[in-house]
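Participant: Below is the structure I would like to discuss, written out as structure tokens.
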Amino acid sequence: MRALIVDPTVPGKLRLGEAPDPLPGPGQALIEVRHTSLNAAELFFAERAEPGDVLGFDAGGVVVAAAADGSGPAVGSRVVGFADGGGFGALRAMDVADLAVVPDGVDLGEAATLPVAAGTALRALEQAGPLLGRRVLVTGASGGVGGFAVQLAAIGGAYVIAVAGSEESARGLGDLGADEIAIGLAGVTQPVDVVVDTVGGDQLAAAYGLLAPDGSLQSVGWASGQGATLPVGSTLGSRTPKTIVSVYNGVGLTDRQPQLRRLLDLVAAGKLRVPVGWRGPWDKIADAAEALGNRRLRGKAVLDVG
């Protein structure tokens, strides 16, 4: 099959090539992938993977062979799902538990952005507890996870503070539901109940300092590539402790399908927008990787397969 494969000699470490066709297991459907989405995780793993490996977590496509055990969607169904690698292939064998049928009227390319970015944002906010009336701060709000986190927090009834790195990247965050937009954290002075942090480094440390008693920081990403140093004593002495919680949205989760259905229903109802900052054919992967790697991408990158 055609696939985006790891190649250390090309920009972005990914290029269009050939890979073996997948062989579905009993509880797996074979998907003809029509669209996939580029995430920071794929660029991270591409730097460390073996030449010829097929990466990719997000996959949207059509079922060409239903699961042999009779579970899952029928042949011809439009589906989106989370692939444990291999999402960058023209064919993908996927566990039916990680698939959801895409409603009519929802663009399949936009749906392909949901499993990693929107799924991670949703998981972070669910871990933080009820949102109604709480103050939620989202760092890296112009990115893929950040843009979904802003919207989902607003849908949950929170007062949302969206933090961006520049005036340019902050454009449009109000339309996603942000009540307050900040360029960096210097202008944020009031305590917050929840932080969804995609940046790490100094920004994580500063955001932790803004937490109200019993507040939680949901650590989603580390885009800064920098270490975080907390002030001495900042984690001590409180009867209402603040917490830093890691967010996992990877392999082995059992609630992926209902999570995807919730997100797809929100998109179908027009309540959740998919902010697409780049879309093009998958042979232009180097352009998408450059935009994402150099932080010029606002929203998600969609790769159209074939």
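Letters A, B, ... mark the chains of the structure tokens in the order given; residue numbers begin at 1 per chain; ligand numbers begin at 1, in order shown.
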Any idea what's packed within 7 Å of stretch 262-276 of chain A, counting only C-alpha atoms, ignoring anything in its chain fewer than 6 positions away? Could you give it as an MDAnalysis selection string?
Facilitator: chainID A and resid 102:103 105:106 110 151 299:301
Participant: Could you write those residues out with N, CA and C atoms, as a compact mmCIF listing (two decimals), in the first residue's frame?
Facilitator:
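Dumped to selection_35.txt:
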# COMPACT_ATOMS: atom_id res chain seq x y z
N VAL A 102 -19.11 8.11 11.46
CA VAL A 102 -19.20 9.56 11.29
C VAL A 102 -20.59 9.92 10.77
N PRO A 103 -21.30 10.81 11.46
CA PRO A 103 -22.66 11.18 11.02
C PRO A 103 -22.65 11.83 9.63
N GLY A 105 -23.17 14.50 6.93
CA GLY A 105 -23.02 15.94 7.03
C GLY A 105 -21.75 16.40 7.70
N VAL A 106 -21.04 15.49 8.37
CA VAL A 106 -19.76 15.83 8.99
C VAL A 106 -18.65 15.50 8.00
N GLU A 110 -12.37 16.59 8.49
CA GLU A 110 -12.43 17.28 9.78
C GLU A 110 -12.60 16.27 10.91
N GLN A 151 -13.07 25.40 23.32
CA GLN A 151 -14.48 25.18 22.96
C GLN A 151 -15.19 24.26 23.95
N GLY A 299 -4.47 25.79 14.67
CA GLY A 299 -5.45 24.74 14.50
C GLY A 299 -4.80 23.45 14.05
N LYS A 300 -5.53 22.68 13.27
CA LYS A 300 -5.10 21.34 12.89
C LYS A 300 -4.64 21.29 11.43
N ALA A 301 -3.80 20.27 11.15
CA ALA A 301 -3.36 19.97 9.79
C ALA A 301 -4.04 18.70 9.32
Participant: Find the residues near stretch 226-230 of chain A: any atom within 7 Å, counting only C-alpha atoms, skip ones fewer than 4 places away on the same chain, and give them as a count of residues only.
Facilitator: 6
Participant: Out of stretch 97-302 of chain A, which residues get strand (DSSP E) from DSSP, as a ChimeraX atom specification?
Facilitator: /A:99-101,135-138,159-164,180-183,192-197,211-219,243-246,276-281,300-302
Participant: Need to verify the contact set: A:Gly184, 8 Å, only C-alpha atoms, exclusion of same-chain residues closer than 6 positions in sequence. Can you return it as a compact mmCIF listing (two decimals) with all heavy atoms, in the first residue's frame?
Facilitator:
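Printed below is out35.txt as written:
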# COMPACT_ATOMS: atom_id res chain seq x y z
N VAL A 163 -4.80 31.47 26.34
CA VAL A 163 -3.47 32.07 26.32
C VAL A 163 -2.78 31.70 25.01
O VAL A 163 -2.68 30.52 24.66
CB VAL A 163 -2.62 31.58 27.51
CG1 VAL A 163 -1.24 32.23 27.49
CG2 VAL A 163 -3.33 31.89 28.83
N ALA A 164 -2.31 32.72 24.30
CA ALA A 164 -1.61 32.52 23.04
C ALA A 164 -0.24 33.15 23.11
O ALA A 164 0.06 33.94 24.03
CB ALA A 164 -2.42 33.11 21.88
N GLY A 165 0.60 32.85 22.13
CA GLY A 165 1.96 33.35 22.14
C GLY A 165 2.13 34.67 21.44
O GLY A 165 3.17 35.34 21.60
N SER A 166 1.15 35.09 20.64
CA SER A 166 1.26 36.34 19.90
C SER A 166 -0.12 36.84 19.54
O SER A 166 -1.11 36.10 19.59
CB SER A 166 2.08 36.14 18.62
OG SER A 166 1.37 35.30 17.71
Participant: For each of A:Gly225, A:Gly17, A:Gly109, A:Pro115, take the minimum atom-to-atom distance to A:Gly293, counting only C-alpha atoms, then give the residue where this is smallest.
Facilitator: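 The answer is A:Gly225, which sits nearest to A:Gly293.
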Participant: At a cut-off of 7 Å, using only C-alpha atoms, what residues contact stretch 189-198 of chain A? Leave out same-chain residues fewer than 5 positions from it and give the result as a list in words.
Facilitator: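 The filter keeps Ala124, Ala128, Arg134, Arg135, Val136, Leu137, Val138, Thr139, Gly140, Leu204, Ala207, Leu210, Leu211, Ala212, Gly215, Ser216, Leu217, Gln218, Ser219, Val220, Gly221, Trp222 and Ala223 of chain A.
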Participant: Output all heavy atoms for every residue in that selection, as a compact mmCIF listing (two decimals), in the first residue's frame.
Facilitator:
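again-v5.txt written:
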# COMPACT_ATOMS: atom_id res chain seq x y z
N ALA A 124 -8.76 15.71 29.35
CA ALA A 124 -8.20 16.62 30.35
C ALA A 124 -9.30 17.33 31.14
O ALA A 124 -9.24 17.43 32.37
CB ALA A 124 -7.30 17.64 29.66
N ALA A 128 -10.63 17.03 35.19
CA ALA A 128 -10.67 18.21 36.07
C ALA A 128 -11.98 18.32 36.83
O ALA A 128 -12.08 19.09 37.79
CB ALA A 128 -10.43 19.48 35.25
N ARG A 134 -16.66 27.57 36.66
CA ARG A 134 -15.25 27.57 37.05
C ARG A 134 -14.42 28.34 36.02
O ARG A 134 -14.82 28.50 34.87
CB ARG A 134 -14.73 26.14 37.19
CG ARG A 134 -15.51 25.32 38.19
CD ARG A 134 -15.03 23.89 38.23
NE ARG A 134 -13.81 23.74 39.03
CZ ARG A 134 -13.07 22.63 39.06
NH1 ARG A 134 -13.40 21.59 38.28
NH2 ARG A 134 -12.00 22.54 39.83
N ARG A 135 -13.26 28.79 36.48
CA ARG A 135 -12.34 29.52 35.61
C ARG A 135 -11.32 28.52 35.05
O ARG A 135 -10.58 27.89 35.81
CB ARG A 135 -11.63 30.63 36.39
CG ARG A 135 -12.56 31.79 36.75
CD ARG A 135 -11.91 32.76 37.74
NE ARG A 135 -10.64 33.30 37.25
CZ ARG A 135 -10.52 34.35 36.45
NH1 ARG A 135 -11.62 34.98 36.02
NH2 ARG A 135 -9.34 34.79 36.07
N VAL A 136 -11.31 28.40 33.72
CA VAL A 136 -10.42 27.46 33.05
C VAL A 136 -9.45 28.23 32.17
O VAL A 136 -9.85 29.04 31.33
CB VAL A 136 -11.21 26.45 32.19
CG1 VAL A 136 -10.27 25.56 31.39
CG2 VAL A 136 -12.13 25.61 33.07
N LEU A 137 -8.16 27.97 32.38
CA LEU A 137 -7.11 28.61 31.59
C LEU A 137 -6.51 27.58 30.64
O LEU A 137 -6.16 26.47 31.06
CB LEU A 137 -6.04 29.19 32.51
CG LEU A 137 -4.91 29.99 31.87
CD1 LEU A 137 -4.47 31.13 32.79
CD2 LEU A 137 -3.70 29.11 31.54
N VAL A 138 -6.39 27.93 29.37
CA VAL A 138 -5.84 27.03 28.36
C VAL A 138 -4.61 27.69 27.76
O VAL A 138 -4.69 28.76 27.17
CB VAL A 138 -6.87 26.74 27.23
CG1 VAL A 138 -6.25 25.81 26.19
CG2 VAL A 138 -8.15 26.14 27.81
N THR A 139 -3.45 27.04 27.92
CA THR A 139 -2.23 27.56 27.28
C THR A 139 -2.09 26.92 25.90
O THR A 139 -2.62 25.85 25.64
CB THR A 139 -0.98 27.26 28.12
OG1 THR A 139 -0.73 25.84 28.10
CG2 THR A 139 -1.15 27.72 29.55
N GLY A 140 -1.35 27.60 25.02
CA GLY A 140 -1.25 27.10 23.65
C GLY A 140 -2.60 27.00 22.99
O GLY A 140 -2.89 26.07 22.24
N LEU A 204 4.22 26.37 32.34
CA LEU A 204 3.59 25.43 33.27
C LEU A 204 3.79 25.90 34.70
O LEU A 204 2.85 25.91 35.51
CB LEU A 204 4.16 24.02 33.08
CG LEU A 204 3.61 22.91 33.97
CD1 LEU A 204 3.63 21.57 33.24
CD2 LEU A 204 4.38 22.78 35.29
N ALA A 207 1.63 28.93 35.35
CA ALA A 207 0.21 28.57 35.41
C ALA A 207 -0.11 27.86 36.72
O ALA A 207 -1.18 28.08 37.31
CB ALA A 207 -0.16 27.70 34.22
N LEU A 210 -0.95 30.15 39.41
CA LEU A 210 -2.24 30.83 39.32
C LEU A 210 -3.39 29.99 39.87
O LEU A 210 -4.51 30.49 40.01
CB LEU A 210 -2.54 31.18 37.86
CG LEU A 210 -1.72 32.31 37.24
CD1 LEU A 210 -1.95 32.33 35.72
CD2 LEU A 210 -2.10 33.65 37.86
N LEU A 211 -3.12 28.72 40.18
CA LEU A 211 -4.21 27.85 40.60
C LEU A 211 -4.79 28.27 41.95
O LEU A 211 -4.06 28.57 42.91
CB LEU A 211 -3.73 26.41 40.71
CG LEU A 211 -3.56 25.62 39.40
CD1 LEU A 211 -2.98 24.25 39.70
CD2 LEU A 211 -4.89 25.49 38.67
N ALA A 212 -6.10 28.24 42.02
CA ALA A 212 -6.81 28.45 43.28
C ALA A 212 -6.70 27.19 44.13
O ALA A 212 -6.33 26.12 43.63
CB ALA A 212 -8.28 28.78 43.00
N GLY A 215 -7.34 23.55 42.97
CA GLY A 215 -7.25 23.62 41.51
C GLY A 215 -6.38 22.51 40.95
O GLY A 215 -5.56 21.91 41.66
N SER A 216 -6.54 22.25 39.66
CA SER A 216 -5.73 21.22 39.02
C SER A 216 -5.15 21.73 37.71
O SER A 216 -5.82 22.46 36.96
CB SER A 216 -6.54 19.95 38.76
OG SER A 216 -7.46 20.13 37.71
N LEU A 217 -3.90 21.34 37.46
CA LEU A 217 -3.26 21.61 36.18
C LEU A 217 -3.20 20.29 35.41
O LEU A 217 -2.59 19.33 35.87
CB LEU A 217 -1.87 22.19 36.37
CG LEU A 217 -1.12 22.64 35.11
CD1 LEU A 217 -0.18 23.81 35.42
CD2 LEU A 217 -0.34 21.50 34.45
N GLN A 218 -3.84 20.26 34.27
CA GLN A 218 -3.86 19.08 33.41
C GLN A 218 -2.73 19.23 32.40
O GLN A 218 -2.78 20.09 31.52
CB GLN A 218 -5.21 18.95 32.71
CG GLN A 218 -6.41 18.90 33.65
CD GLN A 218 -6.46 17.60 34.43
OE1 GLN A 218 -6.21 16.53 33.90
NE2 GLN A 218 -6.82 17.69 35.71
N SER A 219 -1.71 18.41 32.53
CA SER A 219 -0.52 18.51 31.67
C SER A 219 -0.73 17.66 30.43
O SER A 219 -0.72 16.43 30.48
CB SER A 219 0.72 18.04 32.43
OG SER A 219 1.86 18.13 31.61
N VAL A 220 -0.89 18.35 29.29
CA VAL A 220 -1.23 17.70 28.03
C VAL A 220 -0.02 17.56 27.12
O VAL A 220 0.16 16.55 26.44
CB VAL A 220 -2.34 18.49 27.31
CG1 VAL A 220 -2.54 18.00 25.89
CG2 VAL A 220 -3.64 18.41 28.11
N GLY A 221 0.82 18.60 27.07
CA GLY A 221 1.95 18.60 26.15
C GLY A 221 3.11 19.39 26.70
O GLY A 221 3.02 20.01 27.77
N TRP A 222 4.19 19.39 25.93
CA TRP A 222 5.40 20.09 26.37
C TRP A 222 6.05 20.75 25.16
O TRP A 222 7.21 20.50 24.83
CB TRP A 222 6.36 19.11 27.05
CG TRP A 222 7.14 19.70 28.18
CD1 TRP A 222 8.28 20.45 28.09
CD2 TRP A 222 6.83 19.61 29.58
NE1 TRP A 222 8.69 20.83 29.35
CE2 TRP A 222 7.83 20.34 30.27
CE3 TRP A 222 5.82 19.00 30.31
CZ2 TRP A 222 7.85 20.45 31.66
CZ3 TRP A 222 5.84 19.12 31.68
CH2 TRP A 222 6.84 19.84 32.35
N ALA A 223 5.25 21.59 24.48
CA ALA A 223 5.68 22.16 23.21
C ALA A 223 6.93 23.03 23.35
O ALA A 223 7.70 23.19 22.40
CB ALA A 223 4.55 22.99 22.60
Participant: Taking a cut-off of 12 Å and counting only C-alpha atoms, can you build a table that, for each residue of stretch 225-296 of chain A near stretch 30-35 of chain A, reports the nearest atom pair and how far apart they are in Å (one decimal), sorted by chain then residue number, as a Markdown table?
Facilitator:
| residue | atom | partner | partner_atom | distance |
| --- | --- | --- | --- | --- |
| A:Arg279 | CA | A:His35 | CA | 10.1 |
| A:Gly280 | CA | A:His35 | CA | 9.9 |
| A:Pro281 | CA | A:His35 | CA | 9.1 |
| A:Trp282 | CA | A:His35 | CA | 8.5 |
Participant: Using only C-alpha atoms, pick whichever of A:Leu253, A:Asn39, A:Arg296, A:Leu99 has the shortest atom-to-atom distance to A:Ala66.
Facilitator: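 Looking only at the distances to A:Ala66, the closest residue turns out to be A:Leu99.
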Participant: List the spatial neighbours of A:Asp7 as a list of chain:residue names - criterion: any atom at most 7 Å away, only C-alpha atoms, same-chain residues fewer than 6 positions off excluded.
Facilitator: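 So the residues in contact are A:Lys13, A:Leu14, A:Arg15, A:Pro51, A:Gly52.
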Participant: With N, CA, C and O atoms retained, write the just-selected residues as a PDB file, in the first residue's frame.
Facilitator:
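Saved file part_0.pdb follows:
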ATOM      1  N   LYS A  13      11.144  14.304   8.214  1.00  0.00           N
ATOM      2  CA  LYS A  13      11.423  12.872   8.450  1.00  0.00           C
ATOM      3  C   LYS A  13      10.329  11.949   7.944  1.00  0.00           C
ATOM      4  O   LYS A  13      10.307  10.764   8.273  1.00  0.00           O
ATOM      5  N   LEU A  14       9.406  12.455   7.117  1.00  0.00           N
ATOM      6  CA  LEU A  14       8.323  11.642   6.583  1.00  0.00           C
ATOM      7  C   LEU A  14       8.182  11.894   5.093  1.00  0.00           C
ATOM      8  O   LEU A  14       8.276  13.035   4.644  1.00  0.00           O
ATOM      9  N   ARG A  15       7.924  10.844   4.333  1.00  0.00           N
ATOM     10  CA  ARG A  15       7.690  10.985   2.895  1.00  0.00           C
ATOM     11  C   ARG A  15       6.754   9.885   2.420  1.00  0.00           C
ATOM     12  O   ARG A  15       6.577   8.850   3.074  1.00  0.00           O
ATOM     13  N   PRO A  51      13.788   3.824   9.891  1.00  0.00           N
ATOM     14  CA  PRO A  51      13.416   4.126   8.504  1.00  0.00           C
ATOM     15  C   PRO A  51      12.415   3.102   7.969  1.00  0.00           C
ATOM     16  O   PRO A  51      12.544   1.901   8.199  1.00  0.00           O
ATOM     17  N   GLY A  52      11.386   3.605   7.296  1.00  0.00           N
ATOM     18  CA  GLY A  52      10.353   2.732   6.740  1.00  0.00           C
ATOM     19  C   GLY A  52       9.169   2.514   7.647  1.00  0.00           C
ATOM     20  O   GLY A  52       8.138   1.985   7.200  1.00  0.00           O
TER      21      GLY A  52
END
Participant: Calculated over only C-alpha atoms, which of the candidates A:Ser142, A:Thr120, A:Thr36, A:Ser71 has the smallest distance to A:Gln259?
Facilitator: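 Using only C-alpha atoms, the shortest distance to A:Gln259 belongs to A:Thr120.
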Participant: I want to know what sits within 8 Å of A:Val79, based on only C-alpha atoms, with residues of the same chain fewer than 6 positions away left out; could you give that as a ChimeraX atom specification?
Facilitator: /A:60-63,99-102,108
Participant: From the options A:Tyr208, A:Leu297, A:Ile5, A:Gly237, which residue's atoms come nearest to A:Glu168, counting only C-alpha atoms?
Facilitator: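 Closest residue, counting only C-alpha atoms: A:Leu297.
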Participant: Between A:Ala68, A:Ala59, A:Ala41, A:Ala74, which one has atoms that come closest to A:Leu23, using only C-alpha atoms?
Facilitator: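 Selected residue with least distance to A:Leu23: A:Ala68.
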Participant: Excluding A:Asp21 and its own-chain neighbours fewer than 6 positions away, which residues fall within 10 Å of it when counting only C-alpha atoms? Please give them as a list of chain:residue names.
Facilitator: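 Listing them by chain and then by number gives A:Met1, A:Arg2, A:Ala3, A:Gly89, A:Ala90, A:Leu91, A:Arg92, A:Ala93.
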Participant: Determine the nearest neighbour of A:Gly209 from the options A:Gly56, A:Pro231, A:Pro26, A:Pro241, counting only C-alpha atoms.
Facilitator: A:Pro231
Participant: Between atom CA of A:Val160 and atom CA of A:Glu180, measure the distance and give it in Å to one decimal.
Facilitator: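 Value for the atom CA of A:Val160-atom CA of A:Glu180 distance: 6.4 Å.
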